[in-house]
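Enquirer: So here's start.cif (mmCIF, C-alpha atoms).
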data_final
#
loop_
_atom_site.label_atom_id
_atom_site.label_comp_id
_atom_site.auth_asym_id
_atom_site.auth_seq_id
_atom_site.Cartn_x
_atom_site.Cartn_y
_atom_site.Cartn_z
CA MET A 1 -33.65 -7.82 -29.16
CA ALA A 2 -36.96 -6.44 -27.90
CA GLN A 3 -35.68 -2.92 -27.30
CA ALA A 4 -34.38 -2.67 -30.83
CA SER A 5 -37.77 -1.64 -32.16
CA SER A 6 -38.02 1.38 -29.90
CA ALA A 7 -35.73 3.73 -31.84
CA ARG A 8 -37.01 2.91 -35.30
CA SER A 9 -40.27 2.70 -37.15
CA ALA A 10 -41.46 -0.73 -38.30
CA ASP A 11 -40.35 -0.12 -41.89
CA PHE A 12 -36.78 0.98 -41.07
CA GLU A 13 -34.50 -1.21 -43.20
CA THR A 14 -31.56 -2.42 -41.10
CA ASP A 15 -29.89 -4.16 -44.03
CA PHE A 16 -27.95 -1.25 -45.50
CA TRP A 17 -27.05 -3.36 -48.58
CA LYS A 18 -30.66 -3.65 -49.65
CA ASP A 19 -31.08 -0.11 -51.03
CA ALA A 20 -27.39 0.39 -51.79
CA LYS A 21 -27.97 0.71 -55.54
CA THR A 22 -30.43 3.57 -55.08
CA ARG A 23 -27.91 5.77 -53.24
CA LYS A 24 -25.80 8.46 -54.78
CA VAL A 25 -22.11 7.74 -55.19
CA TRP A 26 -19.50 10.45 -54.63
CA ASP A 27 -19.64 11.50 -58.30
CA GLU A 28 -23.39 12.20 -58.09
CA ILE A 29 -23.40 14.16 -54.82
CA VAL A 30 -23.97 17.84 -55.56
CA PRO A 31 -22.57 20.20 -52.91
CA GLY A 32 -25.25 22.68 -51.87
CA GLU A 33 -28.17 20.53 -52.90
CA PRO A 34 -30.60 19.85 -50.01
CA ARG A 35 -30.92 16.22 -48.97
CA LYS A 36 -34.35 14.65 -48.67
CA THR A 37 -35.21 14.34 -44.96
CA LEU A 38 -38.04 12.96 -42.83
CA PRO A 39 -39.61 14.34 -39.64
CA TYR A 40 -39.04 12.05 -36.66
CA LYS A 41 -40.98 11.86 -33.42
CA LEU A 42 -38.50 11.28 -30.62
CA THR A 43 -39.85 8.90 -27.95
CA GLN A 44 -38.70 8.35 -24.38
CA GLU A 45 -38.01 4.71 -25.32
CA ALA A 46 -35.59 5.81 -28.04
CA VAL A 47 -33.86 8.20 -25.61
CA ALA A 48 -33.58 5.44 -22.97
CA LEU A 49 -32.12 2.98 -25.49
CA PHE A 50 -29.60 5.56 -26.69
CA CYS A 51 -28.60 6.31 -23.08
CA LYS A 52 -28.05 2.60 -22.48
CA ALA A 53 -25.81 2.32 -25.53
CA VAL A 54 -23.45 5.10 -24.38
CA GLY A 55 -23.71 4.43 -20.64
CA GLU A 56 -25.69 7.60 -19.83
CA THR A 57 -27.29 7.44 -16.38
CA ASN A 58 -28.17 11.12 -15.89
CA PRO A 59 -31.66 11.40 -14.32
CA LEU A 60 -32.40 14.39 -16.59
CA TYR A 61 -32.76 11.85 -19.41
CA LEU A 62 -34.32 8.96 -17.52
CA ASP A 63 -36.20 10.02 -14.37
CA GLU A 64 -39.26 12.15 -15.02
CA ALA A 65 -39.63 13.48 -11.45
CA ALA A 66 -35.94 14.42 -11.17
CA ALA A 67 -36.01 15.98 -14.64
CA LYS A 68 -39.05 18.07 -13.75
CA ALA A 69 -37.12 19.60 -10.85
CA GLY A 70 -34.04 20.12 -13.03
CA PRO A 71 -32.87 22.99 -15.25
CA TYR A 72 -35.09 22.05 -18.23
CA GLY A 73 -38.34 21.47 -16.32
CA GLY A 74 -38.81 18.03 -17.84
CA LEU A 75 -37.10 15.10 -19.50
CA VAL A 76 -34.57 15.92 -22.22
CA ALA A 77 -32.31 13.84 -24.48
CA PRO A 78 -28.51 13.94 -24.16
CA PRO A 79 -26.90 16.36 -26.65
CA SER A 80 -25.40 13.42 -28.54
CA ILE A 81 -28.90 12.25 -29.56
CA HIS A 82 -28.15 13.75 -33.00
CA ILE A 83 -26.25 10.52 -33.65
CA LEU A 84 -29.65 8.77 -33.74
CA LEU A 85 -31.48 11.72 -35.34
CA MET A 86 -29.09 11.66 -38.31
CA PHE A 87 -30.34 8.22 -39.36
CA ALA A 88 -33.90 8.65 -38.07
CA CYS A 89 -34.45 11.79 -40.19
CA THR A 90 -33.01 10.46 -43.46
CA PRO A 91 -34.60 7.99 -45.90
CA ALA A 92 -33.26 4.55 -46.88
CA ASP A 93 -31.78 5.87 -50.13
CA ASP A 94 -29.71 8.55 -48.39
CA TRP A 95 -26.00 8.23 -49.18
CA MET A 96 -24.99 8.33 -45.53
CA ARG A 97 -26.19 4.72 -45.34
CA SER A 98 -23.91 3.53 -48.13
CA PRO A 99 -22.06 0.51 -46.72
CA GLY A 100 -18.44 1.37 -46.07
CA THR A 101 -19.08 5.07 -45.39
CA VAL A 102 -16.34 6.05 -42.92
CA ASN A 103 -16.84 8.92 -40.48
CA ALA A 104 -13.77 11.17 -40.63
CA GLY A 105 -14.67 13.64 -37.89
CA GLN A 106 -17.52 15.83 -36.67
CA SER A 107 -18.22 19.10 -34.89
CA TRP A 108 -21.56 19.93 -33.29
CA SER A 109 -22.96 23.03 -31.60
CA TYR A 110 -25.84 22.74 -29.15
CA ASN A 111 -28.65 25.23 -28.62
CA VAL A 112 -31.81 23.84 -26.94
CA PRO A 113 -32.11 20.21 -25.86
CA ALA A 114 -34.27 17.73 -27.76
CA ARG A 115 -37.13 16.44 -25.65
CA PRO A 116 -39.10 13.19 -25.81
CA GLY A 117 -42.32 13.96 -27.69
CA ASP A 118 -40.58 16.45 -29.99
CA THR A 119 -41.17 16.13 -33.72
CA ILE A 120 -37.70 16.80 -35.10
CA THR A 121 -36.82 17.93 -38.58
CA LEU A 122 -33.47 18.05 -40.35
CA GLN A 123 -32.08 20.42 -42.94
CA ALA A 124 -29.06 18.77 -44.50
CA ARG A 125 -26.78 18.96 -47.48
CA ALA A 126 -23.34 18.19 -48.70
CA LEU A 127 -21.49 21.49 -48.53
CA ASP A 128 -18.30 20.40 -50.27
CA LYS A 129 -16.52 17.39 -51.69
CA PHE A 130 -12.88 16.76 -52.42
CA ILE A 131 -10.23 14.11 -53.04
CA ARG A 132 -7.29 13.74 -50.69
CA ARG A 133 -4.71 10.95 -50.71
CA GLU A 134 -6.86 8.95 -53.15
CA ARG A 135 -9.83 9.13 -50.81
CA LEU A 136 -13.20 10.63 -51.69
CA PHE A 137 -14.45 13.06 -49.03
CA VAL A 138 -17.80 14.78 -48.56
CA VAL A 139 -18.38 17.63 -46.10
CA HIS A 140 -21.79 17.43 -44.39
CA ASP A 141 -23.83 20.36 -43.13
CA ASN A 142 -26.75 19.47 -40.81
CA VAL A 143 -29.21 21.41 -38.65
CA PHE A 144 -31.91 19.84 -36.47
CA PHE A 145 -35.03 21.79 -35.45
CA ASN A 146 -37.86 21.05 -33.02
CA GLN A 147 -41.56 21.59 -33.79
CA HIS A 148 -41.30 25.18 -32.51
CA GLY A 149 -38.70 26.03 -35.13
CA GLU A 150 -35.93 26.27 -32.53
CA VAL A 151 -32.50 24.98 -33.46
CA ILE A 152 -31.60 21.93 -31.38
CA CYS A 153 -28.10 21.54 -32.77
CA SER A 154 -26.05 22.09 -35.87
CA GLY A 155 -23.21 20.00 -37.11
CA ARG A 156 -20.51 19.72 -39.69
CA GLY A 157 -18.89 16.44 -40.53
CA GLN A 158 -16.74 14.68 -43.06
CA THR A 159 -17.15 11.20 -44.41
CA ILE A 160 -14.94 9.15 -46.68
CA ARG A 161 -17.11 7.66 -49.40
CA PRO A 162 -16.85 3.99 -50.36
CA MET A 163 -15.26 3.38 -53.78
CA MET B 1 -16.72 17.63 -7.43
CA THR B 2 -18.54 20.77 -8.48
CA VAL B 3 -16.34 23.31 -10.21
CA SER B 4 -16.77 27.06 -10.51
CA PHE B 5 -15.67 29.20 -13.44
CA ASP B 6 -13.41 31.37 -11.29
CA GLN B 7 -11.57 28.44 -9.73
CA LEU B 8 -10.99 26.56 -12.97
CA LYS B 9 -7.54 26.86 -14.50
CA ALA B 10 -5.65 25.60 -17.51
CA GLY B 11 -4.37 22.09 -16.95
CA ASP B 12 -7.26 20.96 -14.73
CA GLY B 13 -8.40 17.47 -15.67
CA ILE B 14 -11.76 15.81 -16.28
CA GLU B 15 -12.36 12.08 -16.42
CA GLY B 16 -15.29 9.99 -17.61
CA PRO B 17 -16.02 6.36 -16.74
CA LYS B 18 -14.34 3.50 -18.56
CA PHE B 19 -16.36 1.75 -21.26
CA ALA B 20 -15.95 -1.92 -22.18
CA VAL B 21 -16.40 -2.48 -25.91
CA SER B 22 -17.89 -5.80 -27.01
CA ARG B 23 -19.75 -7.19 -29.99
CA GLU B 24 -22.89 -6.70 -27.88
CA SER B 25 -22.12 -3.05 -27.08
CA ILE B 26 -21.52 -2.37 -30.79
CA ARG B 27 -24.77 -4.13 -31.73
CA LEU B 28 -26.63 -2.12 -29.07
CA PHE B 29 -25.18 1.08 -30.52
CA CYS B 30 -26.49 0.01 -33.96
CA ASP B 31 -29.99 -0.36 -32.54
CA ALA B 32 -29.82 2.88 -30.54
CA SER B 33 -28.36 5.00 -33.36
CA LEU B 34 -29.95 3.22 -36.36
CA ASP B 35 -26.47 3.11 -37.88
CA TYR B 36 -26.34 -0.40 -39.34
CA ASN B 37 -23.29 0.23 -41.52
CA PRO B 38 -21.70 -3.21 -42.11
CA LEU B 39 -18.43 -1.77 -40.72
CA HIS B 40 -20.01 -2.52 -37.34
CA LEU B 41 -21.86 -5.75 -38.13
CA ASP B 42 -20.28 -7.85 -40.84
CA ASP B 43 -16.95 -9.62 -40.21
CA GLU B 44 -16.82 -11.05 -43.73
CA TYR B 45 -17.19 -7.60 -45.28
CA MET B 46 -14.52 -6.24 -42.93
CA LYS B 47 -11.93 -8.70 -44.22
CA GLY B 48 -11.82 -6.58 -47.38
CA ASN B 49 -9.80 -3.45 -48.02
CA PHE B 50 -11.00 0.15 -47.72
CA GLY B 51 -8.68 2.03 -49.99
CA LYS B 52 -5.37 1.45 -48.25
CA THR B 53 -6.98 0.45 -44.96
CA ASN B 54 -7.81 -3.05 -43.76
CA PHE B 55 -9.60 -3.20 -40.41
CA GLY B 56 -9.54 -7.03 -40.16
CA GLY B 57 -12.93 -7.27 -38.39
CA ILE B 58 -15.81 -5.17 -37.18
CA ILE B 59 -15.04 -1.86 -35.49
CA MET B 60 -16.91 0.31 -33.02
CA HIS B 61 -18.84 3.32 -34.35
CA GLY B 62 -16.61 6.41 -34.17
CA MET B 63 -19.64 8.22 -32.81
CA ASN B 64 -19.64 5.93 -29.77
CA ASN B 65 -16.50 7.87 -28.74
CA PHE B 66 -18.50 11.04 -29.32
CA GLY B 67 -21.27 9.75 -27.04
CA LEU B 68 -18.83 8.93 -24.23
CA LEU B 69 -17.18 12.36 -24.50
CA THR B 70 -20.60 14.01 -24.41
CA ARG B 71 -21.49 12.11 -21.28
CA MET B 72 -18.25 13.18 -19.57
CA LEU B 73 -18.83 16.82 -20.50
CA THR B 74 -22.49 17.01 -19.48
CA ASP B 75 -21.85 15.20 -16.19
CA TRP B 76 -19.07 17.70 -15.46
CA ALA B 77 -20.97 20.82 -16.59
CA GLN B 78 -24.34 20.23 -15.06
CA PRO B 79 -23.69 20.47 -11.28
CA PRO B 80 -22.36 24.09 -11.45
CA GLY B 81 -25.16 25.07 -13.88
CA ALA B 82 -22.88 25.14 -16.93
CA VAL B 83 -23.98 23.96 -20.39
CA HIS B 84 -22.16 21.75 -22.89
CA ARG B 85 -22.20 23.82 -26.10
CA ARG B 86 -19.81 22.31 -28.61
CA LEU B 87 -17.83 19.18 -29.34
CA GLU B 88 -15.47 18.55 -32.23
CA THR B 89 -13.79 15.19 -32.66
CA ARG B 90 -11.76 13.14 -35.04
CA TRP B 91 -10.83 9.50 -34.87
CA LEU B 92 -7.21 8.34 -34.77
CA LYS B 93 -7.48 4.58 -34.37
CA PRO B 94 -10.25 2.02 -34.78
CA VAL B 95 -11.74 0.54 -31.60
CA ARG B 96 -12.50 -3.19 -31.56
CA PRO B 97 -14.46 -5.66 -29.44
CA GLY B 98 -12.41 -6.43 -26.31
CA ASP B 99 -11.01 -2.91 -26.02
CA THR B 100 -11.70 -0.75 -22.96
CA ILE B 101 -11.84 2.96 -23.65
CA GLN B 102 -11.98 6.00 -21.42
CA PRO B 103 -12.73 9.66 -22.18
CA THR B 104 -10.68 12.42 -20.51
CA GLY B 105 -10.35 16.16 -20.83
CA ILE B 106 -7.87 18.91 -19.94
CA ILE B 107 -8.92 22.54 -19.51
CA LYS B 108 -7.13 24.55 -22.18
CA SER B 109 -8.32 28.09 -21.48
CA LYS B 110 -11.14 30.34 -20.33
CA GLN B 111 -12.76 33.11 -22.31
CA VAL B 112 -15.13 35.87 -21.20
CA THR B 113 -17.34 37.20 -24.01
CA THR B 114 -19.77 40.11 -24.11
CA LYS B 115 -22.59 38.09 -22.62
CA SER B 116 -21.12 34.90 -21.25
CA ARG B 117 -18.16 32.86 -20.04
CA TRP B 118 -16.61 29.85 -21.74
CA VAL B 119 -14.26 27.04 -20.86
CA LEU B 120 -12.31 25.43 -23.71
CA ILE B 121 -11.35 21.82 -23.16
CA ASP B 122 -9.05 19.46 -25.04
CA VAL B 123 -10.68 16.05 -25.02
CA MET B 124 -9.50 12.58 -25.91
CA VAL B 125 -10.44 8.93 -25.69
CA LYS B 126 -7.73 6.38 -24.91
CA ASN B 127 -7.77 2.61 -25.12
CA GLN B 128 -6.40 0.11 -22.57
CA ASN B 129 -2.88 0.51 -24.02
CA GLY B 130 -2.92 4.25 -23.44
CA GLU B 131 -3.22 4.94 -27.17
CA GLN B 132 -5.38 7.85 -28.26
CA VAL B 133 -8.29 6.60 -30.36
CA ALA B 134 -10.10 9.95 -30.62
CA VAL B 135 -9.17 13.57 -29.94
CA GLY B 136 -11.06 16.83 -30.07
CA GLU B 137 -12.11 20.07 -28.45
CA ALA B 138 -15.13 21.11 -26.44
CA MET B 139 -16.71 24.36 -25.29
CA VAL B 140 -18.71 24.57 -22.06
CA GLU B 141 -20.64 27.74 -21.27
CA PHE B 142 -20.82 29.05 -17.69
CA PRO B 143 -23.72 31.52 -17.95
CA VAL B 144 -23.21 34.71 -15.92
CA ALA B 145 -26.66 34.41 -14.32
CA THR B 146 -25.57 31.21 -12.62
CA ALA B 147 -22.72 32.99 -10.90
CA ALA B 148 -25.01 35.74 -9.65
CA ALA B 149 -27.60 33.32 -8.29
#
Show the structure stored in the file as structure tokens.

Expert:
Amino acid sequence: MAQASSARSADFETDFWKDAKTRKVWDEIVPGEPRKTLPYKLTQEAVALFCKAVGETNPLYLDEAAAKAGPYGGLVAPPSIHILLMFACTPADDWMRSPGTVNAGQSWSYNVPARPGDTITLQARALDKFIRRERLFVVHDNVFFNQHGEVICSGRGQTIRPM
Amino acid sequence: MTVSFDQLKAGDGIEGPKFAVSRESIRLFCDASLDYNPLHLDDEYMKGNFGKTNFGGIIMHGMNNFGLLTRMLTDWAQPPGAVHRRLETRWLKPVRPGDTIQPTGIIKSKQVTTKSRWVLIDVMVKNQNGEQVAVGEAMVEFPVATAAA
């Protein structure tokens, strides 16, 4: 798929099994410890591909002239772009890529929109971990910033870790 | 239809477009989100058990629901100059290729704060059988300046 390359860098490993052994299991995850993250330059191509995947047709994300006349004075990404940013800003050995990781719910707060051309950084950590009904949970704490140091969005989530 | 903060009332409904889920739509979401978890790619792997759960085949990314809900909220908020500020969701049922899902919302309440005005919305995504696959809550801000303009 030709468009597939537009959201990821050439060295992004799409086989999540490949680095599976290098990732922390539930036992090794330390709540409070910062996760290693990577800056990511958001491109218009990545925004357009994301929009296509969720059926977004809003001209604020896709039509430069319309976006310029709109409330943000230029193209922006949909708020849900953090779904992409979460994987784009974390390295291959990050435990969120462990095969079988199940998303158990999320909450996100939005401040300023991400824009194509932004270099986005992530501050992330596990904030808590617990066992419930024989399942291993981790609570995630994530904040995305743009290159001006403004908060784009902040989120809290829970995943069930593979056993 | 463009809404205004003053006219909105509890019980008012919001609806987003229907979304047809297919193996292709799930694969596209992998490429767009960089989430290549085998839950969404590998039928063989999905024949296995996850704790007490067996999905029986690949499932859609839970965050695809989140994306559809976001789209519904931003499309609704933008015309009156309101801003989508928060979305919380949890998943109730897996979504599979062949399903058709649709996001909806119901206004729960309004809140005026020191500097702004907020609409709280109960949101959900249902499948073609009317079963809830995701539920949550959203907050949309109606800035005061917009009303004065």

Enquirer: Find the residues near Lys47 (chain B): any atom within 6 Å, counting all atoms listed in the file, skip ones fewer than 2 places away on the same chain, and give them as JSON, numbers by chain.

Expert: {"B": [44, 45, 56]}

Enquirer: Considering only C-alpha atoms, return as a list of chain:residue names whatever protein or nucleic-acid residues lie within 9 Å of Lys52 (chain A), sequence-local ones (same chain, fewer than 6 positions apart) excluded.

Expert: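 Returned residues: B:Leu28, B:Phe29, B:Ala32.
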
Enquirer: Apply the PyMOL selection byres ((chain B and resi 63) around 10) to the displayed file and report the matching residues as a PyMOL selection string.

Expert: (chain A and resi 54+80+83+103+105-106) or (chain B and resi 29+33+35+60-62+64-69+89-91+134)

Enquirer: Using only C-alpha atoms, determine which residues lie at most 8 Å from region 76-79 of chain B, disregarding the query and same-chain residues fewer than 4 positions distant; provide the list as a list in words.

Expert: Thr2, Val3, Ile14, Met72, Val83, His84 and Val140 of chain B

Enquirer: I need the contact residues of chain A against chain B, so if you could list those with any atom within 6 Å, counting only C-alpha atoms, and return them as a PyMOL selection string, that would help.

Expert: chain A and resi 4+14+49-50+53-54+80+83-84+87+99+105-110

Enquirer: Which is closer to Gln111 (chain B) than all the others in B:Pro143, B:Gly98, B:Gly130, B:Pro80, using only C-alpha atoms?

Expert: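 Going through B:Pro143, B:Gly98, B:Gly130, B:Pro80 one by one, the smallest distance to Gln111 (chain B) is for B:Pro143.
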
Enquirer: Using only C-alpha atoms, can you tell me which of A:Ser9, A:Thr37, A:Thr159, A:Asn146 comes closest to Thr101 (chain A)?

Expert: A:Thr159

Enquirer: Just give me the residues with any atom within 9 Å of (-4.6, 24.4, -15.0), file coordinates, counting only C-alpha atoms, written as a PDB file with C-alpha atoms, keeping the file's coordinate frame.

Expert:
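The resulting file, part.pdb, is reproduced below:
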ATOM      1  CA  LEU B   8     -10.990  26.560 -12.970  1.00  0.00           C
ATOM      2  CA  LYS B   9      -7.540  26.860 -14.500  1.00  0.00           C
ATOM      3  CA  ALA B  10      -5.650  25.600 -17.510  1.00  0.00           C
ATOM      4  CA  GLY B  11      -4.370  22.090 -16.950  1.00  0.00           C
ATOM      5  CA  ASP B  12      -7.260  20.960 -14.730  1.00  0.00           C
ATOM      6  CA  GLY B  13      -8.400  17.470 -15.670  1.00  0.00           C
ATOM      7  CA  ILE B 106      -7.870  18.910 -19.940  1.00  0.00           C
ATOM      8  CA  ILE B 107      -8.920  22.540 -19.510  1.00  0.00           C
ATOM      9  CA  LYS B 108      -7.130  24.550 -22.180  1.00  0.00           C
ATOM     10  CA  SER B 109      -8.320  28.090 -21.480  1.00  0.00           C
TER      11      SER B 109
END

Enquirer: Might you spell out which residues the PyMOL selection byres ((chain A and resi 144) around 10) would select in the displayed file, as a list in words?

Expert: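 Going through the file, the PyMOL selection byres ((chain A and resi 144) around 10) ends up selecting Pro39, His82, Leu85, Met86, Cys89, Tyr110, Ala114, Ile120, Thr121, Leu122, Gln123, Ala124, Asn142, Val143, Phe145, Asn146, Gly149, Glu150, Val151, Ile152, Cys153, Ser154 and Gly155 of chain A.
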
Enquirer: Separation of CA of Thr100 (chain B) and CA of Asp42 (chain B), in Å?

Expert: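 Distance between the two atoms: 21.1 Å.
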
Enquirer: What separation in Å, quoted to one decimal, exists between CA of Val95 (chain B) and CA of Ile58 (chain B)?

Expert: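 Going from CA of Val95 (chain B) over to CA of Ile58 (chain B), I get 9.0 Å.
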
Enquirer: Take CA of Asp6 (chain B) and CA of Thr114 (chain B) and report the distance between them in Å, one decimal.

Expert: 16.8 Å

Enquirer: Going by the chain IDs and residue numbers used in this file, which residues fall under the PyMOL selection byres ((chain A and resi 29) around 9)? Write them as a PDB file with C-alpha atoms, in the frame of the given file.

Expert:
ATOM      1  CA  LYS A  24     -25.800   8.460 -54.780  1.00  0.00           C
ATOM      2  CA  VAL A  25     -22.110   7.740 -55.190  1.00  0.00           C
ATOM      3  CA  TRP A  26     -19.500  10.450 -54.630  1.00  0.00           C
ATOM      4  CA  ASP A  27     -19.640  11.500 -58.300  1.00  0.00           C
ATOM      5  CA  GLU A  28     -23.390  12.200 -58.090  1.00  0.00           C
ATOM      6  CA  VAL A  30     -23.970  17.840 -55.560  1.00  0.00           C
ATOM      7  CA  PRO A  31     -22.570  20.200 -52.910  1.00  0.00           C
ATOM      8  CA  GLU A  33     -28.170  20.530 -52.900  1.00  0.00           C
ATOM      9  CA  TRP A  95     -26.000   8.230 -49.180  1.00  0.00           C
ATOM     10  CA  ALA A 126     -23.340  18.190 -48.700  1.00  0.00           C
ATOM     11  CA  LYS A 129     -16.520  17.390 -51.690  1.00  0.00           C
ATOM     12  CA  VAL A 138     -17.800  14.780 -48.560  1.00  0.00           C
TER      13      VAL A 138
END

Enquirer: Restricting the calculation to all atoms listed in the file: of A:Arg133, A:Arg35, A:Arg161, A:Lys41, which residue gets closest to Gly100 (chain A)?

Expert: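 Closest candidate: A:Arg161.
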
Enquirer: Show me, as a PyMOL selection string, the residues that have an atom within 8 Å of Asp94 (chain A) when counting all atoms listed in the file, minus same-chain residues fewer than 3 positions from it.

Expert: chain A and resi 23-24+35-36+90-91+97-98
